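Participant: Quick one, final.cif (mmCIF, C-alpha atoms and all ligand atoms):
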data_my_file
#
loop_
_atom_site.label_atom_id
_atom_site.label_comp_id
_atom_site.auth_asym_id
_atom_site.auth_seq_id
_atom_site.Cartn_x
_atom_site.Cartn_y
_atom_site.Cartn_z
CA MET Q 149 2.24 -17.16 26.84
CA THR Q 150 2.17 -14.50 24.14
CA ILE Q 151 5.96 -14.78 23.75
CA GLN Q 152 5.40 -18.47 22.94
CA LEU Q 153 2.93 -17.46 20.26
CA ILE Q 154 5.54 -15.24 18.61
CA LYS Q 155 7.95 -18.17 18.58
CA LYS Q 156 5.29 -20.43 17.10
CA ALA Q 157 4.50 -17.90 14.38
CA GLU Q 158 8.18 -17.47 13.56
CA GLU Q 159 8.55 -21.22 13.12
CA THR Q 160 5.25 -22.28 11.57
CA HIS Q 161 3.98 -19.05 9.95
CA SER Q 162 0.55 -19.84 11.24
CA LEU Q 163 -1.69 -18.36 13.94
CA ASN Q 164 -5.43 -18.53 14.41
CA LYS Q 165 -7.72 -15.58 15.01
CA ASP Q 166 -7.70 -15.86 18.81
CA GLU Q 167 -3.91 -16.01 18.86
CA LEU Q 168 -3.66 -12.95 16.63
CA VAL Q 169 -6.01 -11.03 18.92
CA LEU Q 170 -3.93 -11.98 21.98
CA LEU Q 171 -0.81 -10.62 20.32
CA LEU Q 172 -2.54 -7.45 19.14
CA GLN Q 173 -3.85 -6.65 22.60
CA ASP Q 174 -0.65 -7.36 24.55
CA GLY Q 175 1.42 -4.19 24.58
CA SER Q 176 4.29 -5.78 26.49
CA ILE Q 177 5.58 -8.01 23.67
CA ASN Q 178 5.84 -5.42 20.91
CA GLU Q 179 9.63 -5.35 20.70
CA GLU Q 180 9.82 -9.16 20.56
CA LEU Q 181 7.19 -9.17 17.84
CA PHE Q 182 9.07 -6.59 15.75
CA SER Q 183 12.38 -8.45 16.14
CA ALA Q 184 10.81 -11.77 15.13
CA ALA Q 185 9.32 -10.14 12.00
CA ASP Q 186 12.72 -8.64 11.20
CA ARG Q 187 14.36 -12.08 11.45
CA VAL Q 188 11.74 -13.65 9.19
CA ARG Q 189 12.21 -10.84 6.65
CA LYS Q 190 15.97 -11.40 6.69
CA LYS Q 191 15.64 -15.17 6.33
CA TYR Q 192 13.16 -15.18 3.45
CA ILE Q 193 13.85 -11.89 1.64
CA GLY Q 194 17.36 -10.86 2.65
CA ASP Q 195 18.68 -7.33 3.10
CA GLU Q 196 17.61 -5.87 -0.24
CA VAL Q 197 15.05 -3.07 -0.24
CA HIS Q 198 13.07 -2.44 -3.41
CA LEU Q 199 12.13 1.11 -4.34
CA ARG Q 200 8.90 1.81 -6.22
CA GLY Q 201 8.48 5.30 -7.60
CA ILE Q 202 4.90 6.47 -7.18
CA ILE Q 203 3.23 8.99 -9.48
CA GLU Q 204 0.08 10.47 -7.95
CA PHE Q 205 -1.32 11.51 -11.29
CA SER Q 206 -4.86 12.65 -10.42
CA ASN Q 207 -6.56 13.59 -7.17
CA ILE Q 208 -10.00 13.66 -8.79
CA CYS Q 209 -12.24 10.99 -7.29
CA LYS Q 210 -15.86 10.03 -7.85
CA ARG Q 211 -15.99 8.13 -4.54
CA ASP Q 212 -16.70 9.56 -1.12
CA CYS Q 213 -14.81 7.48 1.47
CA LEU Q 214 -15.31 9.12 4.84
CA TYR Q 215 -11.65 8.89 5.86
CA CYS Q 216 -10.05 10.16 2.66
CA GLY Q 217 -9.12 13.75 1.86
CA LEU Q 218 -9.65 13.14 -1.86
CA ARG Q 219 -13.33 12.22 -1.38
CA GLY Q 220 -15.56 13.85 -3.98
CA SER Q 221 -17.43 15.95 -1.42
CA ASN Q 222 -14.29 17.60 -0.09
CA LYS Q 223 -14.46 21.05 -1.67
CA LYS Q 224 -11.32 22.25 0.10
CA VAL Q 225 -8.88 20.27 -1.97
CA GLU Q 226 -7.68 21.80 -5.21
CA ARG Q 227 -8.07 19.20 -7.95
CA TYR Q 228 -5.55 18.31 -10.65
CA ARG Q 229 -4.83 15.67 -13.21
CA LEU Q 230 -1.63 15.10 -15.14
CA LEU Q 231 -1.82 14.52 -18.87
CA PRO Q 232 -0.60 11.22 -20.31
CA ASP Q 233 2.64 12.72 -21.66
CA GLU Q 234 3.37 14.40 -18.31
CA ILE Q 235 3.04 11.00 -16.61
CA ILE Q 236 5.38 9.42 -19.14
CA ASP Q 237 7.94 12.20 -18.60
CA LEU Q 238 7.91 11.63 -14.82
CA ALA Q 239 8.41 7.91 -15.37
CA LYS Q 240 11.37 8.57 -17.68
CA LYS Q 241 13.00 10.73 -15.02
CA ALA Q 242 12.38 8.02 -12.42
CA VAL Q 243 14.13 5.46 -14.60
CA GLY Q 244 17.03 7.92 -14.79
CA TYR Q 245 17.32 7.90 -11.00
CA GLY Q 246 17.39 4.11 -11.00
CA TYR Q 247 13.78 3.08 -10.29
CA LYS Q 248 12.83 -0.35 -11.65
CA THR Q 249 9.12 -0.04 -10.84
CA VAL Q 250 6.72 2.83 -11.38
CA VAL Q 251 3.36 2.87 -9.59
CA MET Q 252 0.59 4.97 -11.11
CA GLN Q 253 -1.91 5.97 -8.44
CA SER Q 254 -4.98 8.20 -8.65
CA GLY Q 255 -8.46 8.76 -7.35
CA GLU Q 256 -11.23 7.08 -9.31
CA ASP Q 257 -11.06 9.51 -12.21
CA GLU Q 258 -13.01 8.60 -15.35
CA TYR Q 259 -10.90 10.80 -17.60
CA TYR Q 260 -8.41 7.95 -17.79
CA THR Q 261 -10.21 5.69 -20.21
CA VAL Q 262 -8.81 2.34 -21.22
CA GLU Q 263 -7.54 3.93 -24.42
CA ARG Q 264 -5.60 6.68 -22.63
CA LEU Q 265 -4.21 4.20 -20.14
CA GLN Q 266 -3.13 1.83 -22.92
CA TYR Q 267 -1.07 4.63 -24.42
CA ILE Q 268 0.60 5.44 -21.07
CA ILE Q 269 1.17 1.79 -20.14
CA SER Q 270 2.79 0.85 -23.44
CA SER Q 271 5.08 3.91 -23.25
CA LEU Q 272 6.09 2.97 -19.69
CA LYS Q 273 6.73 -0.65 -20.64
CA GLU Q 274 9.11 0.54 -23.37
CA LEU Q 275 11.29 1.86 -20.56
CA GLY Q 276 11.92 -1.71 -19.39
CA ILE Q 277 10.36 -1.28 -15.96
CA ALA Q 278 7.67 -3.05 -13.97
CA VAL Q 279 4.39 -1.11 -14.03
CA THR Q 280 1.92 -1.09 -11.16
CA LEU Q 281 -1.53 0.48 -11.25
CA SER Q 282 -3.55 1.69 -8.27
CA LEU Q 283 -6.71 3.20 -9.77
CA GLY Q 284 -9.43 1.65 -7.65
CA GLU Q 285 -12.37 -0.51 -8.68
CA LYS Q 286 -12.74 -1.35 -12.37
CA SER Q 287 -14.57 -3.98 -14.41
CA TYR Q 288 -13.05 -7.34 -15.35
CA GLU Q 289 -12.78 -6.10 -18.94
CA GLU Q 290 -10.86 -2.99 -17.90
CA TYR Q 291 -8.45 -4.97 -15.72
CA LYS Q 292 -7.99 -7.38 -18.63
CA ALA Q 293 -7.20 -4.56 -21.04
CA TYR Q 294 -4.57 -3.06 -18.70
CA LYS Q 295 -2.97 -6.49 -18.26
CA GLU Q 296 -2.86 -7.02 -22.01
CA ALA Q 297 -1.24 -3.61 -22.39
CA GLY Q 298 1.59 -4.88 -20.17
CA VAL Q 299 0.77 -3.99 -16.56
CA ASP Q 300 2.52 -6.24 -14.03
CA ARG Q 301 0.91 -5.41 -10.71
CA TYR Q 302 -2.21 -3.85 -9.20
CA LEU Q 303 -2.75 -2.39 -5.74
CA LEU Q 304 -6.22 -2.32 -4.21
CA ARG Q 305 -6.52 -2.26 -0.46
CA ILE Q 306 -9.49 -4.07 1.02
CA GLU Q 307 -9.24 -1.26 3.67
CA THR Q 308 -11.07 -3.44 6.20
CA THR Q 309 -12.57 -6.93 6.01
CA ASP Q 310 -15.37 -5.84 8.35
CA LYS Q 311 -18.18 -5.57 5.81
CA ALA Q 312 -20.43 -3.38 7.95
CA LEU Q 313 -17.58 -1.01 8.79
CA TYR Q 314 -16.44 -0.87 5.16
CA GLU Q 315 -19.90 -0.08 3.87
CA ALA Q 316 -20.41 2.57 6.58
CA LEU Q 317 -17.13 4.29 5.74
CA ASP Q 318 -17.35 3.94 1.96
CA PRO Q 319 -20.86 5.10 1.08
CA GLY Q 320 -22.29 3.55 -2.05
CA MET Q 321 -19.56 0.93 -2.25
CA SER Q 322 -20.00 -2.78 -1.70
CA HIS Q 323 -17.61 -5.06 0.08
CA GLU Q 324 -18.57 -7.91 -2.26
CA GLU Q 325 -17.60 -5.78 -5.24
CA ARG Q 326 -14.24 -4.95 -3.66
CA LYS Q 327 -13.56 -8.66 -3.24
CA ARG Q 328 -14.72 -9.30 -6.80
CA CYS Q 329 -12.06 -6.84 -8.00
CA LEU Q 330 -9.33 -8.62 -6.03
CA ARG Q 331 -10.45 -12.01 -7.36
CA ASP Q 332 -10.49 -10.76 -10.96
CA LEU Q 333 -7.00 -9.29 -10.59
CA LYS Q 334 -5.70 -12.64 -9.35
CA THR Q 335 -7.46 -14.54 -12.12
CA LEU Q 336 -5.91 -12.23 -14.70
CA GLY Q 337 -2.42 -13.03 -13.44
CA TYR Q 338 -1.50 -9.73 -11.81
CA GLU Q 339 0.80 -9.62 -8.85
CA VAL Q 340 -1.80 -8.34 -6.43
CA GLY Q 341 -1.25 -5.93 -3.59
CA THR Q 342 -3.88 -5.31 -0.95
CA GLY Q 343 -3.86 -4.02 2.60
CA ASN Q 344 -5.82 -2.22 5.27
CA LEU Q 345 -6.15 0.89 7.37
CA VAL Q 346 -5.38 0.47 11.05
CA GLY Q 347 -7.17 2.53 13.68
CA LEU Q 348 -10.44 3.31 11.93
CA PRO Q 349 -13.29 4.37 14.22
CA ASN Q 350 -15.15 1.27 15.50
CA GLN Q 351 -12.53 -1.10 14.13
CA THR Q 352 -11.90 -3.97 16.55
CA LEU Q 353 -8.80 -6.09 17.20
CA GLU Q 354 -10.88 -9.06 16.04
CA SER Q 355 -11.44 -7.40 12.70
CA LEU Q 356 -7.72 -6.59 12.36
CA ALA Q 357 -7.03 -10.28 12.97
CA ASP Q 358 -9.57 -11.11 10.24
CA ASP Q 359 -7.76 -8.72 7.89
CA ILE Q 360 -4.47 -10.55 8.41
CA LEU Q 361 -6.12 -13.93 7.81
CA PHE Q 362 -7.82 -12.55 4.70
CA PHE Q 363 -4.47 -11.46 3.21
CA LYS Q 364 -3.09 -14.93 3.80
CA GLU Q 365 -6.19 -16.69 2.53
CA MET Q 366 -6.21 -14.75 -0.76
CA ASP Q 367 -2.45 -15.28 -1.10
CA ALA Q 368 -1.77 -11.62 -1.82
CA ASP Q 369 1.69 -10.83 -3.19
CA MET Q 370 2.04 -7.47 -1.50
CA ILE Q 371 0.48 -6.10 1.66
CA GLY Q 372 0.53 -2.32 2.11
CA LEU Q 373 -1.01 -1.09 5.32
CA GLY Q 374 -0.88 2.04 7.34
CA PRO Q 375 -2.28 3.92 10.30
CA PHE Q 376 -5.51 5.84 9.80
CA ILE Q 377 -4.68 9.55 10.06
CA PRO Q 378 -7.73 11.77 10.61
CA ASN Q 379 -8.23 14.49 8.05
CA GLU Q 380 -9.80 17.80 9.15
CA ASP Q 381 -11.63 18.16 5.84
CA THR Q 382 -13.48 14.86 6.17
CA PRO Q 383 -16.27 13.60 8.45
CA LEU Q 384 -13.72 11.50 10.37
CA LYS Q 385 -11.79 14.27 12.03
CA GLU Q 386 -11.02 12.43 15.23
CA THR Q 387 -9.29 9.28 16.29
CA SER Q 388 -8.08 7.69 19.47
CA GLY Q 389 -5.11 5.51 20.38
CA ASP Q 390 -1.68 5.00 18.96
CA ASN Q 391 -2.36 3.98 15.39
CA PHE Q 392 1.34 3.97 14.51
CA THR Q 393 2.23 1.17 16.94
CA MET Q 394 -0.87 -0.82 16.09
CA ALA Q 395 -0.15 -0.53 12.34
CA LEU Q 396 3.41 -1.69 12.97
CA LYS Q 397 2.10 -4.67 14.94
CA VAL Q 398 -0.31 -5.66 12.18
CA MET Q 399 2.52 -5.33 9.67
CA ALA Q 400 4.88 -7.48 11.77
CA LEU Q 401 2.21 -10.16 12.11
CA VAL Q 402 1.68 -10.14 8.35
CA ARG Q 403 5.41 -10.80 7.91
CA LEU Q 404 5.33 -13.69 10.40
CA LEU Q 405 2.39 -15.32 8.62
CA MET Q 406 3.43 -14.49 5.05
CA PRO Q 407 7.22 -14.69 5.07
CA ASP Q 408 7.86 -14.19 1.35
CA VAL Q 409 5.47 -11.36 0.46
CA ASN Q 410 6.44 -7.79 -0.35
CA ILE Q 411 5.61 -5.32 2.41
CA PRO Q 412 6.13 -1.57 2.04
CA ALA Q 413 7.18 0.75 4.83
CA THR Q 414 4.38 3.19 4.10
CA THR Q 415 4.36 6.97 3.89
CA ALA Q 416 1.54 7.16 6.46
CA MET Q 417 3.84 5.46 8.99
CA GLU Q 418 6.47 8.13 8.48
CA THR Q 419 3.81 10.81 8.83
CA LEU Q 420 3.11 9.68 12.41
CA ASN Q 421 6.72 8.97 13.36
CA LYS Q 422 9.64 10.84 11.87
CA ASN Q 423 11.62 7.60 11.56
CA GLY Q 424 8.57 5.51 10.72
CA ARG Q 425 9.74 4.00 7.46
CA MET Q 426 13.09 2.85 8.87
CA ILE Q 427 11.36 1.41 11.94
CA ALA Q 428 9.00 -0.44 9.59
CA LEU Q 429 11.94 -1.75 7.51
CA GLN Q 430 13.34 -3.15 10.77
CA SER Q 431 10.00 -4.72 11.74
CA GLY Q 432 9.23 -6.80 8.65
CA ALA Q 433 9.02 -4.43 5.66
CA ASN Q 434 11.19 -4.68 2.52
CA ILE Q 435 9.84 -1.99 0.18
CA VAL Q 436 9.72 1.82 0.11
CA MET Q 437 7.56 3.80 -2.31
CA PRO Q 438 9.04 7.29 -2.71
CA ASN Q 439 6.95 9.92 -4.39
CA ILE Q 440 8.11 10.84 -7.91
CA THR Q 441 5.37 13.39 -8.58
CA GLU Q 442 6.75 16.92 -8.98
CA GLY Q 443 5.91 20.38 -7.67
CA ASP Q 444 2.67 21.46 -6.00
CA TYR Q 445 0.89 18.26 -6.96
CA ARG Q 446 2.65 16.52 -4.08
CA LYS Q 447 0.79 18.77 -1.63
CA MET Q 448 -2.49 18.52 -3.45
CA TYR Q 449 -2.63 14.72 -3.22
CA ALA Q 450 -3.78 15.18 0.37
CA LEU Q 451 -5.19 11.85 1.54
CA TYR Q 452 -4.36 12.86 5.11
CA PRO Q 453 -2.60 15.81 6.77
CA GLY Q 454 1.12 16.05 7.45
CA LYS Q 455 2.15 14.01 4.41
CA ILE Q 456 5.93 13.84 4.16
CA CYS Q 457 8.19 15.17 1.39
CA VAL Q 458 5.60 17.58 -0.04
CA ASN Q 459 8.26 20.26 -0.57
CA ASP Q 460 10.92 17.89 -1.89
CA THR Q 461 11.86 16.85 -5.40
CA PRO Q 462 11.94 13.28 -6.72
CA GLY Q 463 15.74 13.46 -6.99
CA HIS Q 464 16.06 14.62 -3.39
CA CYS Q 465 13.81 11.83 -2.11
CA PHE Q 466 15.70 9.19 -4.07
CA ASN Q 467 19.00 10.24 -2.51
CA CYS Q 468 17.47 10.72 0.93
CA ILE Q 469 15.86 7.31 1.07
CA THR Q 470 18.89 5.55 -0.40
CA GLY Q 471 21.06 7.10 2.34
CA LYS Q 472 18.63 6.10 5.08
CA ILE Q 473 18.41 2.52 3.82
CA LYS Q 474 22.20 2.20 3.77
CA SER Q 475 22.45 3.71 7.25
CA ILE Q 476 20.49 0.77 8.68
CA GLY Q 477 22.75 -1.75 6.96
CA ARG Q 478 20.44 -2.62 4.08
CA THR Q 479 20.96 -2.31 0.32
CA VAL Q 480 18.86 -0.86 -2.47
CA SER Q 481 18.02 -3.59 -4.95
CA ASP Q 482 18.64 -3.17 -8.66
CA SER Q 483 16.05 -5.77 -9.68
CA LYS Q 484 12.34 -5.31 -10.28
CA GLY Q 485 11.55 -7.00 -6.99
CA SER Q 486 8.60 -9.20 -7.87
CA ARG Q 487 7.51 -11.55 -5.15
CA VAL Q 488 9.59 -14.73 -5.16
CA LYS Q 489 7.36 -17.44 -3.78
CA LYS Q 490 9.32 -19.68 -1.45
CA ALA Q 491 6.60 -22.17 -0.54
CA ARG Q 492 2.92 -22.30 0.33
CA PHE Q 493 2.65 -21.63 4.05
N1 LIG R 501 -5.20 8.06 6.66
C1 LIG R 501 -4.36 7.08 6.23
N2 LIG R 501 -4.47 6.48 5.03
C2 LIG R 501 -5.46 6.87 4.22
N3 LIG R 501 -5.86 6.45 3.00
C3 LIG R 501 -6.93 7.17 2.62
N4 LIG R 501 -7.26 8.08 3.58
C4 LIG R 501 -6.37 7.90 4.61
C5 LIG R 501 -6.20 8.49 5.88
N5 LIG R 501 -7.00 9.47 6.32
C6 LIG R 501 -5.24 5.31 2.31
C7 LIG R 501 -6.28 4.26 1.89
C8 LIG R 501 -6.06 4.12 0.40
C9 LIG R 501 -4.64 4.62 0.23
C10 LIG R 501 -4.29 5.09 -1.14
O1 LIG R 501 -4.58 5.71 1.15
O2 LIG R 501 -6.00 3.03 2.54
O3 LIG R 501 -6.20 2.80 -0.09
FE1 LIG R 502 11.51 12.45 0.56
FE2 LIG R 502 13.43 11.75 2.50
S1 LIG R 502 12.22 10.48 1.19
S2 LIG R 502 12.85 13.75 1.68
#
If you convert what's in this file into structure tokens, what do you get?
Ligand code: 5AD
Ligand code: FES
Facilitator:
Amino acid sequence: MTIQLIKKAEETHSLNKDELVLLLQDGSINEELFSAADRVRKKYIGDEVHLRGIIEFSNICKRDCLYCGLRGSNKKVERYRLLPDEIIDLAKKAVGYGYKTVVMQSGEDEYYTVERLQYIISSLKELGIAVTLSLGEKSYEEYKAYKEAGVDRYLLRIETTDKALYEALDPGMSHEERKRCLRDLKTLGYEVGTGNLVGLPNQTLESLADDILFFKEMDADMIGLGPFIPNEDTPLKETSGDNFTMALKVMALVRLLMPDVNIPATTAMETLNKNGRMIALQSGANIVMPNITEGDYRKMYALYPGKICVNDTPGHCFNCITGKIKSIGRTVSDSKGSRVKKARF
């Protein structure tokens, strides 16, 4: 029965909520699900993997999400922020390695005013690369200003579509406002990335199914999702279950339902499984986002414990990941890797 559903999804790219729940709860069909997602990835995207270099430029955050190590109330994390010219230097080095996209990610840090960001963005665009921002919730006017300065893409995970769960885990934040941000980003013409956390306390399979349907409904261009990894220095120290496998299943289902979107093999997946990113690339993913931040800052951007590559250099990671991608018979793309819409499914 569930095997038939996988076949249906592979052919029609459509499943309803009940069908998604059946697939999420059946542990016996996982390998079939991953293989089907891999076939759909190959058919619609091909064998190219796009690399996005990510600069984690500030771990200062005014928010207080219960799951996140960078939450404002966490006094154990040593805070840092890179200056605009330091960010530009890292991006220049990344271009030297061959990156065609740079992602600037930070906590919600008010130091980076529109004016400062405009300076960084225009310098990055002069390098001829695609620029992605991941700075959290901003006003329509701010998003508009970044777009006018040349930004191509924006990443903002919905985290969960369960409003009550979201508002319990993200104190002081509103689910409506999160959705407003995503709508504004779409209206402004960004390529929009969203995604969720898988394995949050009190998260149900029904709500994971809703998440998948939400991504499809909003026609997101990129879906980045990962397992929740409990952080000792946050109120959510404990978890249960195998979040790695469940995150992989959600990811594979996203590929079946949204065959032409970009899906990263996320760092959190590799944190829970030492081959996690390659497994993800063979279960529907087509993107990897290596860290191009340098030195101790890699350690200090501690969303969750056990983060990979904290003692490595950007050059080392570039070579490492390129080798791994080739070893599974895939190629590293030399294009910017924007979503190429094949059809409306
Ligand atoms: N485990 C896994 N991912 C996390 N994130 C934040 N905290 C954790 C955690 N404990 C994710 C959020 C956020 C992204 C940058 O990191 O989904 O959007
Ligand atoms: Fe960083 Fe392999 S990607 S060491």
Participant: Quick one: distance from CA of Lys224 in chain Q to CA of Asp257 in chain Q in Å, one decimal?
Facilitator: 17.7 Å
Participant: Set the distance at 8 Å and use all atoms listed in the file: which residues neighbour Gln430 in chain Q once local chain neighbours fewer than 2 positions away are removed? I'd like the list as a PyMOL selection string.
Facilitator: chain Q and resi 182-183+186+426-428+432-433
Participant: Filtering to C-alpha atoms, could you give me those residues as a PDB file, keeping the file's coordinate frame?
Facilitator:
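Okay, this is what ended up in part-v7.pdb:
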ATOM      1  CA  PHE Q 182       9.070  -6.590  15.750  1.00  0.00           C
ATOM      2  CA  SER Q 183      12.380  -8.450  16.140  1.00  0.00           C
ATOM      3  CA  ASP Q 186      12.720  -8.640  11.200  1.00  0.00           C
ATOM      4  CA  MET Q 426      13.090   2.850   8.870  1.00  0.00           C
ATOM      5  CA  ILE Q 427      11.360   1.410  11.940  1.00  0.00           C
ATOM      6  CA  ALA Q 428       9.000  -0.440   9.590  1.00  0.00           C
ATOM      7  CA  GLY Q 432       9.230  -6.800   8.650  1.00  0.00           C
ATOM      8  CA  ALA Q 433       9.020  -4.430   5.660  1.00  0.00           C
TER       9      ALA Q 433
END
Participant: Which residues, written as a VMD selection string, have at least one atom at most 12 Å from Lys165 in chain Q, with all atoms listed in the file counted and residues fewer than 6 positions away on the same chain left out?
Facilitator: chain Q and resid 171 to 172 353 to 362 401 405
Participant: Need the axis-aligned box for ligand LIG 501 (chain R) with 3 Å each side, so what are the centre and edges in Å to one decimal, as AutoDock Vina command-line options?
Facilitator:
--center_x -5.8 --center_y 6.1 --center_z 2.8 --size_x 9.0 --size_y 12.7 --size_z 13.8
Participant: Can you list, as a PyMOL selection string, every protein, DNA or RNA residue that comes within 10 Å of Gly343 in chain Q when you count all atoms listed in the file, leaving out same-chain residues fewer than 2 positions away?
Facilitator: chain Q and resi 303-309+341+345-346+359-360+362-363+368+370-374+399+411
Participant: Show me which residues line ligand LIG 502 (chain R), defined as having an atom within 9 Å of a ligand atom where all atoms listed in the file count, and present them as a list in words.
Facilitator: Met437, Pro438, Asn439, Ile456, Cys457, Val458, Asn459, Asp460, Thr461, Pro462, Gly463, His464, Cys465, Phe466, Asn467, Cys468, Ile469, Thr470, Gly471 and Lys472 of chain Q
Participant: Sorted by chain and rising residue number, which residues of chain Q lie within 7 Å of ligand LIG 501 (chain R), and what are their closest atom pairs and distances in Å to one decimal, counting all atoms listed in the file, as JSON lines?
Facilitator:
{"residue": "Q:Tyr215", "atom": "CA", "partner": "R:LIG501", "partner_atom": "N5", "distance": 4.7}
{"residue": "Q:Cys216", "atom": "CA", "partner": "R:LIG501", "partner_atom": "N4", "distance": 3.6}
{"residue": "Q:Gly217", "atom": "CA", "partner": "R:LIG501", "partner_atom": "N4", "distance": 6.2}
{"residue": "Q:Leu304", "atom": "CA", "partner": "R:LIG501", "partner_atom": "O3", "distance": 6.6}
{"residue": "Q:Arg305", "atom": "CA", "partner": "R:LIG501", "partner_atom": "O3", "distance": 5.1}
{"residue": "Q:Glu307", "atom": "CA", "partner": "R:LIG501", "partner_atom": "O2", "distance": 5.5}
{"residue": "Q:Asn344", "atom": "CA", "partner": "R:LIG501", "partner_atom": "O2", "distance": 5.9}
{"residue": "Q:Leu345", "atom": "CA", "partner": "R:LIG501", "partner_atom": "O2", "distance": 5.3}
{"residue": "Q:Gly374", "atom": "CA", "partner": "R:LIG501", "partner_atom": "N2", "distance": 6.2}
{"residue": "Q:Pro375", "atom": "CA", "partner": "R:LIG501", "partner_atom": "C1", "distance": 5.6}
{"residue": "Q:Phe376", "atom": "CA", "partner": "R:LIG501", "partner_atom": "N1", "distance": 3.9}
{"residue": "Q:Ile377", "atom": "CA", "partner": "R:LIG501", "partner_atom": "N1", "distance": 3.7}
{"residue": "Q:Pro378", "atom": "CA", "partner": "R:LIG501", "partner_atom": "N5", "distance": 4.9}
{"residue": "Q:Asn379", "atom": "CA", "partner": "R:LIG501", "partner_atom": "N5", "distance": 5.5}
{"residue": "Q:Ala416", "atom": "CA", "partner": "R:LIG501", "partner_atom": "C1", "distance": 5.9}
{"residue": "Q:Leu451", "atom": "CA", "partner": "R:LIG501", "partner_atom": "N4", "distance": 4.8}
{"residue": "Q:Tyr452", "atom": "CA", "partner": "R:LIG501", "partner_atom": "N5", "distance": 4.5}
Participant: Which residues of range 253-299 of chain Q have any atom within 8 Å of an atom in range 198-212 of chain Q when counting all atoms listed in the file, and what is the closest pair of atoms for each, with the distance in Å to one decimal? Order the rows by chain and rising number and write it as a tab-separated table.
Facilitator:
residue	atom	partner	partner_atom	distance
Q:Gln253	CA	Q:Glu204	CA	4.9
Q:Ser254	CA	Q:Ser206	CA	4.8
Q:Gly255	CA	Q:Cys209	CA	4.4
Q:Glu256	CA	Q:Cys209	CA	4.5
Q:Asp257	CA	Q:Cys209	CA	5.3
Participant: Neighbours of Val250 in chain Q within 9 Å (only C-alpha atoms; same-chain residues fewer than 4 positions away dropped), as a list in words?
Facilitator: Arg200, Gly201, Ile202, Ile203, Ala239, Ala242, Val243, Leu272, Ile277, Ala278, Val279, Thr280, Leu281 and Ile440 of chain Q
Participant: For Leu168 in chain Q, which residue out of Q:Thr335, Q:Asp381, Q:Ala400, Q:Glu226 is the nearest one, using all atoms listed in the file?
Facilitator: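 The shortest atom-to-atom distance to Leu168 in chain Q comes from Q:Ala400.
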Participant: So how far away is CA of Tyr247 in chain Q from CA of Arg301 in chain Q, in Å?
Facilitator: 15.4 Å
Participant: Taking all atoms listed in the file into account, which of Q:Gly298, Q:Cys329, Q:Leu317, Q:Arg425 comes nearest Gly284 in chain Q?
Facilitator: Q:Cys329
